[in-house]
$ cat my_file27.txt   # compact mmCIF, C-alpha atoms
# COMPACT_ATOMS: atom_id res chain seq x y z
CA MET Q 1 -29.49 3.23 -23.31
CA ARG Q 2 -32.59 4.91 -21.91
CA ASN Q 3 -34.82 2.74 -24.13
CA LEU Q 4 -33.13 -0.42 -22.85
CA ILE Q 5 -33.64 0.64 -19.24
CA ASP Q 6 -37.31 1.42 -19.87
CA LYS Q 7 -37.91 -1.99 -21.47
CA MET Q 8 -36.35 -4.17 -18.81
CA LYS Q 9 -35.50 -3.92 -15.13
CA TYR Q 10 -32.83 -6.46 -14.32
CA LYS Q 11 -32.59 -8.43 -11.08
CA ILE Q 12 -29.50 -7.11 -9.30
CA ALA Q 13 -27.65 -8.81 -6.46
CA PHE Q 14 -24.84 -7.35 -4.35
CA HIS Q 15 -22.40 -9.46 -2.35
CA LEU Q 16 -20.18 -8.31 0.50
CA ASN Q 17 -19.26 -9.43 4.00
CA CYS Q 18 -21.81 -7.36 5.93
CA LEU Q 19 -23.33 -3.88 6.11
CA GLU Q 20 -21.34 -2.71 9.16
CA GLN Q 21 -20.66 0.98 8.72
CA GLY Q 22 -17.69 1.47 6.39
CA GLY Q 23 -16.89 2.83 2.94
CA ALA Q 24 -17.85 -0.13 0.76
CA GLU Q 25 -20.87 -0.90 2.91
CA ARG Q 26 -22.10 2.66 2.52
CA VAL Q 27 -21.80 2.49 -1.25
CA VAL Q 28 -23.64 -0.84 -1.44
CA SER Q 29 -26.50 0.30 0.80
CA ASN Q 30 -26.88 3.55 -1.18
CA LEU Q 31 -26.85 1.76 -4.54
CA ALA Q 32 -29.17 -1.03 -3.40
CA ASN Q 33 -31.69 1.48 -2.06
CA GLN Q 34 -31.58 3.64 -5.18
CA PHE Q 35 -31.95 0.69 -7.57
CA CYS Q 36 -34.90 -0.45 -5.46
CA ARG Q 37 -36.52 2.99 -5.69
CA GLU Q 38 -36.02 2.88 -9.46
CA GLY Q 39 -38.07 -0.30 -9.65
CA TYR Q 40 -35.36 -2.97 -9.87
CA GLU Q 41 -35.52 -6.20 -7.89
CA VAL Q 42 -32.56 -5.93 -5.54
CA LEU Q 43 -30.92 -8.50 -3.27
CA VAL Q 44 -28.02 -8.08 -0.86
CA ALA Q 45 -26.19 -11.33 -0.01
CA THR Q 46 -24.01 -11.03 3.08
CA GLU Q 47 -21.81 -13.33 5.15
CA TRP Q 48 -22.85 -12.03 8.55
CA TYR Q 49 -24.76 -9.29 10.40
CA GLY Q 50 -22.89 -6.43 12.06
CA GLN Q 51 -23.81 -4.43 15.14
CA ASN Q 52 -24.05 -0.97 13.55
CA GLU Q 53 -25.19 -1.46 9.97
CA PHE Q 54 -26.45 0.80 7.21
CA GLY Q 55 -30.18 0.47 6.58
CA LEU Q 56 -31.90 -0.94 3.52
CA GLU Q 57 -35.22 -0.05 1.92
CA ARG Q 58 -38.08 -2.45 2.67
CA GLY Q 59 -38.07 -3.61 -0.93
CA VAL Q 60 -34.43 -4.77 -0.78
CA ARG Q 61 -34.11 -8.43 0.19
CA ARG Q 62 -31.23 -9.25 2.53
CA ILE Q 63 -30.11 -12.89 2.31
CA HIS Q 64 -27.60 -14.64 4.55
CA VAL Q 65 -25.05 -16.65 2.54
CA GLY Q 66 -22.43 -17.10 5.27
CA LEU Q 67 -21.68 -19.88 7.68
CA ARG Q 68 -24.56 -21.52 9.49
CA GLU Q 69 -25.08 -23.00 12.92
CA GLY Q 70 -22.52 -25.70 13.54
CA ASP Q 71 -20.21 -24.63 10.70
CA ASP Q 72 -17.91 -22.87 13.17
CA ARG Q 73 -16.79 -26.30 14.41
CA LYS Q 74 -15.40 -27.21 10.98
CA ASN Q 75 -11.83 -26.46 9.90
CA ARG Q 76 -10.90 -23.38 7.86
CA ILE Q 77 -10.77 -25.18 4.51
CA ALA Q 78 -14.21 -26.69 5.08
CA GLN Q 79 -15.58 -23.29 6.09
CA PHE Q 80 -14.08 -21.67 2.97
CA LEU Q 81 -15.71 -24.28 0.72
CA LEU Q 82 -19.04 -23.89 2.52
CA ARG Q 83 -19.02 -20.14 1.92
CA ILE Q 84 -18.56 -20.79 -1.80
CA ARG Q 85 -21.31 -23.44 -1.78
CA TYR Q 86 -23.82 -21.19 -0.01
CA LEU Q 87 -23.17 -18.29 -2.36
CA ARG Q 88 -23.42 -20.56 -5.39
CA ARG Q 89 -26.70 -21.96 -4.08
CA PHE Q 90 -27.99 -18.40 -3.73
CA MET Q 91 -27.03 -17.64 -7.34
CA LEU Q 92 -28.70 -20.79 -8.66
CA THR Q 93 -31.84 -20.27 -6.59
CA GLU Q 94 -32.34 -16.54 -7.11
CA LYS Q 95 -30.90 -16.38 -10.65
CA PRO Q 96 -29.94 -12.69 -10.55
CA ASP Q 97 -29.07 -11.05 -13.87
CA ILE Q 98 -25.83 -9.83 -12.29
CA LEU Q 99 -23.90 -10.27 -9.04
CA ILE Q 100 -21.85 -7.26 -7.94
CA ALA Q 101 -19.12 -8.10 -5.44
CA PHE Q 102 -17.48 -5.57 -3.16
CA ALA Q 103 -14.03 -6.00 -1.57
CA GLN Q 104 -11.31 -8.62 -1.91
CA ARG Q 105 -12.73 -11.78 -0.37
CA ALA Q 106 -16.19 -11.13 -1.76
CA ASN Q 107 -14.65 -10.71 -5.23
CA TYR Q 108 -12.92 -14.09 -4.99
CA ARG Q 109 -15.96 -15.86 -3.52
CA ALA Q 110 -18.28 -14.51 -6.19
CA LEU Q 111 -16.04 -15.53 -9.07
CA MET Q 112 -15.51 -19.02 -7.63
CA ALA Q 113 -19.22 -19.49 -6.95
CA SER Q 114 -20.23 -18.33 -10.42
CA TYR Q 115 -18.91 -21.40 -12.28
CA GLY Q 116 -21.78 -22.95 -14.19
CA THR Q 117 -24.40 -20.47 -12.98
CA HIS Q 118 -24.38 -18.22 -16.07
CA VAL Q 119 -24.57 -15.23 -13.74
CA PRO Q 120 -22.14 -12.45 -14.77
CA VAL Q 121 -20.04 -11.13 -11.90
CA LEU Q 122 -18.99 -7.50 -11.66
CA ILE Q 123 -16.14 -7.08 -9.19
CA SER Q 124 -15.13 -3.90 -7.39
CA ILE Q 125 -11.72 -2.85 -6.05
CA ARG Q 126 -12.18 -0.74 -2.92
CA THR Q 127 -8.68 -0.30 -1.49
CA ASP Q 128 -5.02 0.14 -2.38
CA PRO Q 129 -4.05 -3.03 -4.30
CA VAL Q 130 -0.49 -2.79 -2.96
CA GLY Q 131 -0.56 -4.76 0.26
CA HIS Q 132 -4.03 -6.18 -0.44
CA TYR Q 133 -3.82 -7.90 -3.83
CA ASP Q 134 -0.14 -8.82 -4.03
CA ALA Q 135 0.31 -11.72 -1.59
CA TRP Q 136 1.26 -15.15 -2.93
CA SER Q 137 -2.37 -16.27 -2.62
CA ASP Q 138 -3.51 -13.29 -4.69
CA ARG Q 139 -0.91 -14.02 -7.35
CA LEU Q 140 -2.37 -17.52 -7.61
CA GLN Q 141 -6.03 -16.54 -7.62
CA ILE Q 142 -6.09 -13.40 -9.76
CA PRO Q 143 -4.88 -14.95 -13.06
CA ILE Q 144 -7.39 -17.79 -12.64
CA LEU Q 145 -10.41 -15.89 -11.37
CA PHE Q 146 -10.28 -12.31 -12.63
CA PRO Q 147 -10.54 -13.22 -16.34
CA ARG Q 148 -13.98 -14.61 -15.44
CA ALA Q 149 -15.18 -11.19 -14.29
CA ALA Q 150 -17.75 -9.54 -16.56
CA GLY Q 151 -16.30 -6.19 -15.54
CA CYS Q 152 -14.58 -4.29 -12.76
CA VAL Q 153 -15.21 -0.97 -11.02
CA PHE Q 154 -12.19 0.94 -9.77
CA GLN Q 155 -12.16 4.15 -7.75
CA THR Q 156 -8.85 5.56 -9.03
CA GLU Q 157 -6.40 5.25 -11.92
CA GLY Q 158 -3.80 4.01 -9.44
CA GLN Q 159 -5.95 0.99 -8.62
CA LYS Q 160 -6.60 0.30 -12.29
CA GLU Q 161 -2.93 0.47 -13.30
CA PHE Q 162 -2.00 -2.22 -10.76
CA PHE Q 163 -3.90 -4.94 -12.61
CA ALA Q 164 -3.31 -6.68 -15.95
CA PRO Q 165 -4.49 -5.06 -19.21
CA PHE Q 166 -7.35 -7.56 -19.63
CA LEU Q 167 -9.00 -6.23 -16.46
CA GLN Q 168 -8.18 -2.59 -17.17
CA LYS Q 169 -9.77 -2.83 -20.61
CA ASN Q 170 -13.09 -4.09 -19.28
CA SER Q 171 -13.54 -1.63 -16.40
CA ARG Q 172 -14.87 1.72 -15.24
CA ILE Q 173 -13.64 4.29 -12.72
CA ILE Q 174 -16.56 5.41 -10.54
CA LEU Q 175 -16.28 7.62 -7.46
CA ASN Q 176 -18.16 6.94 -4.25
CA PRO Q 177 -21.53 8.73 -4.04
CA LEU Q 178 -21.97 11.62 -1.65
CA ASN Q 179 -24.83 11.61 0.80
CA ASP Q 180 -27.15 14.49 -0.10
CA LYS Q 181 -26.86 15.93 3.39
CA TYR Q 182 -23.31 17.10 2.62
CA ILE Q 183 -24.35 19.00 -0.51
CA GLY Q 184 -25.54 22.60 -0.45
CA GLN Q 185 -24.66 23.37 3.17
CA PRO Q 186 -24.29 27.16 3.56
CA GLU Q 187 -20.82 28.63 3.84
CA PRO Q 188 -20.25 29.82 7.43
CA ARG Q 189 -20.01 33.56 7.98
CA GLN Q 190 -17.12 32.98 10.32
CA ARG Q 191 -15.09 29.82 10.72
CA LYS Q 192 -14.41 28.40 14.15
CA LYS Q 193 -10.85 28.03 15.37
CA GLU Q 194 -10.95 24.30 14.82
CA VAL Q 195 -8.98 21.79 12.80
CA VAL Q 196 -11.05 18.66 12.17
CA GLN Q 197 -10.82 15.16 10.80
CA SER Q 198 -13.51 12.50 10.36
CA GLY Q 199 -13.02 8.75 10.06
CA ARG Q 200 -12.60 5.80 12.36
CA LEU Q 201 -9.51 5.57 14.53
CA VAL Q 202 -7.36 3.09 12.63
CA ASP Q 203 -3.67 2.67 11.90
CA PHE Q 204 -3.58 3.47 8.17
CA LYS Q 205 -5.18 6.88 8.73
CA ASN Q 206 -2.00 7.87 10.63
CA GLN Q 207 -3.81 10.01 13.19
CA PRO Q 208 -0.75 9.93 15.50
CA MET Q 209 1.07 12.04 12.88
CA LEU Q 210 -1.85 14.48 12.83
CA LEU Q 211 -1.73 14.84 16.62
CA ARG Q 212 2.01 15.45 16.63
CA ALA Q 213 1.70 17.98 13.80
CA PHE Q 214 -1.12 19.80 15.57
CA ILE Q 215 0.81 19.98 18.83
CA GLU Q 216 3.35 22.05 16.88
CA VAL Q 217 0.59 24.09 15.22
CA HIS Q 218 -0.88 24.81 18.65
CA LYS Q 219 2.39 26.34 19.83
CA LYS Q 220 1.97 28.94 17.09
CA HIS Q 221 -1.83 29.18 17.28
CA PRO Q 222 -2.77 28.41 20.90
CA ASP Q 223 -6.41 29.41 20.38
CA TYR Q 224 -7.05 26.53 17.92
CA VAL Q 225 -8.27 23.05 18.83
CA LEU Q 226 -8.16 19.71 16.99
CA LYS Q 227 -11.28 17.52 16.90
CA ILE Q 228 -11.28 14.01 15.45
CA TYR Q 229 -14.71 12.49 14.78
CA GLY Q 230 -14.68 8.71 14.42
CA GLY Q 231 -15.37 5.44 16.14
CA ASP Q 232 -12.77 3.06 17.52
CA SER Q 233 -11.53 0.27 15.24
CA PHE Q 234 -10.06 -1.51 18.29
CA ASP Q 235 -6.68 -1.96 16.62
CA GLY Q 236 -4.87 -0.01 19.36
CA THR Q 237 -4.91 3.36 17.56
CA ARG Q 238 -7.14 5.05 20.14
CA GLN Q 239 -4.77 4.02 22.94
CA ILE Q 240 -1.80 5.46 21.01
CA LEU Q 241 -3.66 8.74 20.49
CA GLU Q 242 -4.65 8.94 24.15
CA GLN Q 243 -1.04 8.35 25.14
CA ILE Q 244 0.19 11.18 22.87
CA ILE Q 245 -2.45 13.51 24.33
CA ALA Q 246 -1.49 12.59 27.89
CA GLU Q 247 2.27 12.84 27.34
CA ASN Q 248 1.91 16.33 25.86
CA GLY Q 249 -0.74 17.63 28.25
CA ALA Q 250 -2.94 18.26 25.23
CA SER Q 251 -6.34 17.22 26.55
CA ASP Q 252 -7.58 20.82 26.53
CA TYR Q 253 -6.97 21.29 22.81
CA ILE Q 254 -7.07 17.81 21.23
CA LYS Q 255 -10.43 16.06 21.42
CA LEU Q 256 -11.38 12.54 20.33
CA MET Q 257 -15.06 13.14 19.66
CA GLY Q 258 -16.19 9.60 18.87
CA ALA Q 259 -18.50 8.60 16.02
CA SER Q 260 -21.09 11.11 14.82
CA ASP Q 261 -24.19 10.94 12.63
CA SER Q 262 -24.25 14.72 12.19
CA LEU Q 263 -20.92 15.48 10.53
CA GLU Q 264 -22.62 17.87 8.12
CA ARG Q 265 -23.16 20.09 11.19
CA ASP Q 266 -20.11 19.16 13.25
CA LEU Q 267 -17.54 19.90 10.54
CA THR Q 268 -18.95 22.66 8.39
CA GLU Q 269 -17.66 25.68 10.35
CA ALA Q 270 -14.11 24.38 10.92
CA ALA Q 271 -11.13 26.39 9.68
CA VAL Q 272 -9.22 23.37 8.33
CA TYR Q 273 -9.90 19.74 7.49
CA ALA Q 274 -6.75 17.60 7.87
CA PHE Q 275 -6.50 14.25 6.06
CA SER Q 276 -3.47 12.22 7.14
CA SER Q 277 -3.87 8.71 5.70
CA ASP Q 278 -0.92 6.61 4.52
CA TRP Q 279 -3.18 4.79 2.04
CA GLU Q 280 -6.87 4.61 1.18
CA GLY Q 281 -9.18 3.65 -1.65
CA MET Q 282 -11.51 6.55 -2.39
CA PRO Q 283 -12.06 8.11 1.06
CA ASN Q 284 -15.68 9.06 1.66
CA ALA Q 285 -14.63 11.37 4.48
CA LEU Q 286 -12.52 13.45 2.11
CA LEU Q 287 -15.33 13.73 -0.45
CA GLU Q 288 -17.70 14.85 2.30
CA ALA Q 289 -15.27 17.49 3.56
CA MET Q 290 -14.89 18.80 0.02
CA ALA Q 291 -18.65 18.96 -0.51
CA LEU Q 292 -18.97 20.96 2.72
CA GLY Q 293 -16.52 23.50 1.31
CA LEU Q 294 -13.85 22.94 3.95
CA PRO Q 295 -10.29 24.16 3.35
CA ILE Q 296 -8.37 20.89 3.15
CA VAL Q 297 -4.80 19.70 3.53
CA ALA Q 298 -4.51 16.04 2.51
CA THR Q 299 -1.81 13.45 2.05
CA ASP Q 300 -1.35 12.37 -1.57
CA CYS Q 301 -1.75 8.77 -0.53
CA PRO Q 302 -1.82 5.66 -2.70
CA CYS Q 303 -3.76 4.49 -4.58
CA GLY Q 304 -4.48 8.04 -5.67
CA GLY Q 305 -7.85 8.81 -4.07
CA PRO Q 306 -7.06 12.40 -3.02
CA ARG Q 307 -5.23 13.07 -6.30
CA THR Q 308 -8.28 11.85 -8.24
CA VAL Q 309 -10.51 14.56 -6.75
CA MET Q 310 -8.05 17.26 -5.66
CA GLU Q 311 -5.61 19.51 -7.49
CA ASP Q 312 -2.92 20.98 -5.28
CA GLY Q 313 -3.43 24.70 -4.76
CA VAL Q 314 -6.76 24.71 -6.59
CA ASN Q 315 -9.28 22.96 -4.33
CA GLY Q 316 -7.00 21.92 -1.48
CA LEU Q 317 -3.40 21.27 -0.51
CA LEU Q 318 -1.77 17.91 -1.31
CA ILE Q 319 1.26 16.85 0.73
CA PRO Q 320 3.48 13.73 0.80
CA ILE Q 321 2.43 10.85 3.03
CA LYS Q 322 4.10 10.45 6.45
CA ASP Q 323 5.46 14.00 6.29
CA GLN Q 324 4.60 15.56 9.64
CA ARG Q 325 6.29 18.86 8.84
CA ALA Q 326 4.37 19.22 5.57
CA LEU Q 327 1.10 18.57 7.41
CA GLU Q 328 2.01 21.11 10.07
CA ASN Q 329 2.94 23.71 7.42
CA GLY Q 330 -0.24 23.05 5.45
CA ILE Q 331 -2.46 23.55 8.49
CA ASN Q 332 -0.61 26.73 9.41
CA LYS Q 333 -0.93 28.09 5.87
CA LEU Q 334 -4.71 27.63 5.85
CA ILE Q 335 -5.07 29.13 9.33
CA GLU Q 336 -2.88 32.13 8.51
CA ASP Q 337 -4.34 32.92 5.09
CA PRO Q 338 -8.13 32.67 5.51
CA GLN Q 339 -8.86 34.25 2.12
CA TYR Q 340 -6.75 31.60 0.37
CA ALA Q 341 -8.38 28.93 2.50
CA GLN Q 342 -11.82 30.24 1.56
CA LYS Q 343 -10.92 30.11 -2.15
CA LEU Q 344 -9.79 26.47 -1.86
CA GLY Q 345 -12.93 25.55 0.06
CA ARG Q 346 -15.24 27.10 -2.51
CA GLU Q 347 -13.50 25.21 -5.31
CA ALA Q 348 -13.69 22.00 -3.29
CA ARG Q 349 -17.49 22.27 -3.22
CA ASN Q 350 -17.57 21.53 -6.95
CA ILE Q 351 -16.98 17.84 -6.16
CA ALA Q 352 -20.75 17.69 -5.70
CA HIS Q 353 -21.20 17.97 -9.47
CA ARG Q 354 -19.09 14.83 -10.02
CA ALA Q 355 -20.02 12.76 -7.00
CA ASN Q 356 -23.65 13.49 -6.17
CA ALA Q 357 -25.72 10.36 -5.62
CA GLN Q 358 -27.67 10.63 -8.88
CA ALA Q 359 -24.58 11.10 -11.05
CA ILE Q 360 -22.83 8.11 -9.47
CA PHE Q 361 -25.95 5.97 -9.60
CA GLU Q 362 -26.34 6.64 -13.34
CA GLN Q 363 -22.74 5.56 -13.98
CA TRP Q 364 -23.33 2.28 -12.12
CA GLN Q 365 -26.71 1.86 -13.82
CA HIS Q 366 -25.32 2.26 -17.33
CA TYR Q 367 -22.42 -0.12 -16.67
CA ILE Q 368 -24.69 -2.77 -15.10
CA GLU Q 369 -27.18 -2.46 -17.95
CA GLU Q 370 -24.35 -2.87 -20.45
CA ILE Q 371 -23.10 -6.06 -18.78
CA CYS Q 372 -26.58 -7.54 -18.35
CA GLY Q 373 -27.50 -6.69 -21.92
CA ALA Q 374 -24.37 -8.41 -23.25
CA ALA Q 375 -25.07 -11.49 -21.11
CA HIS Q 376 -28.64 -11.76 -22.42
CA ARG Q 377 -27.45 -11.51 -26.03
CA GLU Q 378 -25.03 -14.44 -25.62

$ encode --input "my_file27.txt" --output "structure tokens"
Amino acid sequence: MRNLIDKMKYKIAFHLNCLEQGGAERVVSNLANQFCREGYEVLVATEWYGQNEFGLERGVRRIHVGLREGDDRKNRIAQFLLRIRYLRRFMLTEKPDILIAFAQRANYRALMASYGTHVPVLISIRTDPVGHYDAWSDRLQIPILFPRAAGCVFQTEGQKEFFAPFLQKNSRIILNPLNDKYIGQPEPRQRKKEVVQSGRLVDFKNQPMLLRAFIEVHKKHPDYVLKIYGGDSFDGTRQILEQIIAENGASDYIKLMGASDSLERDLTEAAVYAFSSDWEGMPNALLEAMALGLPIVATDCPCGGPRTVMEDGVNGLLIPIKDQRALENGINKLIEDPQYAQKLGREARNIAHRANAQAIFEQWQHYIEEICGAAHRE
């Protein structure tokens, strides 16, 4: 494989909605930048520009393939067809050796646009398929479009098992890459009396359950505080959390900290990291907390992200979803047994061996090279 890579650097294109800060967007920006640094020609084709986006290396070309001026006056069907046309035009003009699509709508658009272009499309599943790939429209599109995919990247076995054998057979499971800044941070001499969580305020992360659980924890451990680091998703979650804080007079010990670019410093000395999601793909926030060596209690949420990287009682505590009492007990256990918590945190750090940026990049690189090589031999 090394000889193949040395002989030829393929032209790689990524397609997703935008680069607004989120899990899939982070992975794409990291991969695009690393492929660029390795000497590949890299393009990122997006539908729109966000307000707070991840940055790209100067050598990465960003190309707009979304709706243009005046298109917003057309009906939804016309807009849908235009999105396909613009992406197809990009593929025919740029002629990438592979197009890698991230997230549901981008997957569908890329496969539709690829007809007749001879560009292989690698799709990527980034969330729990239950509730996201099981609507009537998905049941119509998947059997028609997904057999056209040159391959698929999943994050967990749970995602993979949802889909038909033809897609499972031609796929890889690849974790999200860790940012280097989370790796190798020193273990604190003394942990602060803080329980922390990181991630945007959004309904599926079930932060209201975390607040209610911590209010009970605080009755037993009144010197501990809860800090949640994350921006507002504007789905009403922040208002619910503020209401819970106000109703319980908890403003002195529950803090909504907002988004932070320095989580590797904000989180590292906390006593407990609490992950409360009802579902996720592969949560970057959890991987980062593990790499920092935090003692973690996490919901065993579908589609198996936490279970993929954690073993209960070995490198963290796994609890059932939507179980407030289990979350409360888990936090208390880690607070009350600091030696046990320290042991779990030290084991959690080993995720860096599996999910460091170079290891993940090489997995993507080998899979992409394999698909491109097969396409060139046809």

$ atom_distance --input "my_file27.txt" --atom1 "atom CA of Leu67 of chain Q" --atom2 "atom CA of Met112 of chain Q"
16.5 Å

$ axis_aligned_box --input "my_file27.txt" --around "segment 246-258 of chain Q" --padding-each-side "6 Å" --output "lines of an AutoDock Vina configuration file"
center_x = -7.0
center_y = 15.4
center_z = 23.6
size_x = 30.5
size_y = 23.7
size_z = 21.4

$ closest_residue --input "my_file27.txt" --among "Q:Pro208, Q:Gly373, Q:Gly231, Q:Gly184" --to "Arg346 of chain Q" --atoms "all atoms listed in the file"
Q:Gly184

$ atom_distance --input "my_file27.txt" --atom1 "atom CA of Gly39 of chain Q" --atom2 "atom CA of Asn176 of chain Q"
21.9 Å

$ closest_residue --input "my_file27.txt" --among "Q:Cys36, Q:Val195, Q:Ala374, Q:Ala13" --to "His221 of chain Q" --atoms "all atoms listed in the file"
Q:Val195

$ residues_around --input "my_file27.txt" --residues "segment 271-287 of chain Q" --least-positions-apart "6" --cutoff "7 Å" --atoms "all atoms listed in the file" --output "number ranges by chain"
Q: 23, 126-128, 155, 176, 191-199, 204-207, 210, 294-299, 301-303, 305, 321-322, 331, 334-335

$ atom_distance --input "my_file27.txt" --atom1 "atom CA of Leu43 of chain Q" --atom2 "atom CA of Leu87 of chain Q"
12.5 Å

$ closest_residue --input "my_file27.txt" --among "Q:His118, Q:Arg88, Q:Lys181, Q:Arg109" --to "Ala150 of chain Q" --atoms "all atoms listed in the file"
Q:His118

$ closest_residue --input "my_file27.txt" --among "Q:Leu56, Q:Ala326, Q:Val217, Q:Leu16" --to "Ala106 of chain Q" --atoms "all atoms listed in the file"
Q:Leu16

$ build_atoms --input "my_file27.txt" --residues "segment 305-327 of chain Q" --atoms "N, CA and C atoms" --output "tab-separated table (two decimals), in the frame of the given file"
chain	number	residue	atom	x	y	z
Q	305	GLY	N	-6.51	8.27	-4.33
Q	305	GLY	CA	-7.85	8.81	-4.07
Q	305	GLY	C	-7.86	10.33	-3.99
Q	306	PRO	N	-7.08	10.94	-3.08
Q	306	PRO	CA	-7.06	12.40	-3.02
Q	306	PRO	C	-6.67	13.05	-4.34
Q	307	ARG	N	-5.69	12.49	-5.03
Q	307	ARG	CA	-5.23	13.07	-6.30
Q	307	ARG	C	-6.32	12.98	-7.38
Q	308	THR	N	-7.20	12.00	-7.26
Q	308	THR	CA	-8.28	11.85	-8.24
Q	308	THR	C	-9.28	13.00	-8.15
Q	309	VAL	N	-9.48	13.54	-6.95
Q	309	VAL	CA	-10.51	14.56	-6.75
Q	309	VAL	C	-9.95	15.93	-6.38
Q	310	MET	N	-8.66	16.00	-6.07
Q	310	MET	CA	-8.05	17.26	-5.66
Q	310	MET	C	-6.91	17.65	-6.59
Q	311	GLU	N	-6.76	18.96	-6.79
Q	311	GLU	CA	-5.61	19.51	-7.49
Q	311	GLU	C	-4.91	20.47	-6.53
Q	312	ASP	N	-3.65	20.21	-6.28
Q	312	ASP	CA	-2.92	20.98	-5.28
Q	312	ASP	C	-2.97	22.48	-5.60
Q	313	GLY	N	-3.37	23.26	-4.61
Q	313	GLY	CA	-3.43	24.70	-4.76
Q	313	GLY	C	-4.66	25.21	-5.46
Q	314	VAL	N	-5.53	24.31	-5.91
Q	314	VAL	CA	-6.76	24.71	-6.59
Q	314	VAL	C	-7.98	24.49	-5.70
Q	315	ASN	N	-8.15	23.25	-5.22
Q	315	ASN	CA	-9.28	22.96	-4.33
Q	315	ASN	C	-8.83	22.29	-3.04
Q	316	GLY	N	-7.56	22.47	-2.70
Q	316	GLY	CA	-7.00	21.92	-1.48
Q	316	GLY	C	-5.49	21.87	-1.58
Q	317	LEU	N	-4.85	21.43	-0.51
Q	317	LEU	CA	-3.40	21.27	-0.51
Q	317	LEU	C	-3.08	19.78	-0.42
Q	318	LEU	N	-2.24	19.29	-1.34
Q	318	LEU	CA	-1.77	17.91	-1.31
Q	318	LEU	C	-0.34	17.88	-0.79
Q	319	ILE	N	-0.07	16.97	0.14
Q	319	ILE	CA	1.26	16.85	0.73
Q	319	ILE	C	1.71	15.40	0.68
Q	320	PRO	N	3.01	15.12	0.80
Q	320	PRO	CA	3.48	13.73	0.80
Q	320	PRO	C	2.97	12.97	2.03
Q	321	ILE	N	2.84	11.67	1.89
Q	321	ILE	CA	2.43	10.85	3.03
Q	321	ILE	C	3.56	10.83	4.08
Q	322	LYS	N	3.17	10.63	5.32
Q	322	LYS	CA	4.10	10.45	6.45
Q	322	LYS	C	5.04	11.63	6.64
Q	323	ASP	N	4.63	12.80	6.18
Q	323	ASP	CA	5.46	14.00	6.29
Q	323	ASP	C	4.80	14.94	7.32
Q	324	GLN	N	5.22	14.79	8.56
Q	324	GLN	CA	4.60	15.56	9.64
Q	324	GLN	C	4.82	17.06	9.45
Q	325	ARG	N	6.01	17.45	9.02
Q	325	ARG	CA	6.29	18.86	8.84
Q	325	ARG	C	5.43	19.47	7.74
Q	326	ALA	N	5.23	18.72	6.65
Q	326	ALA	CA	4.37	19.22	5.57
Q	326	ALA	C	2.93	19.39	6.04
Q	327	LEU	N	2.45	18.46	6.87
Q	327	LEU	CA	1.10	18.57	7.41
Q	327	LEU	C	0.99	19.78	8.32
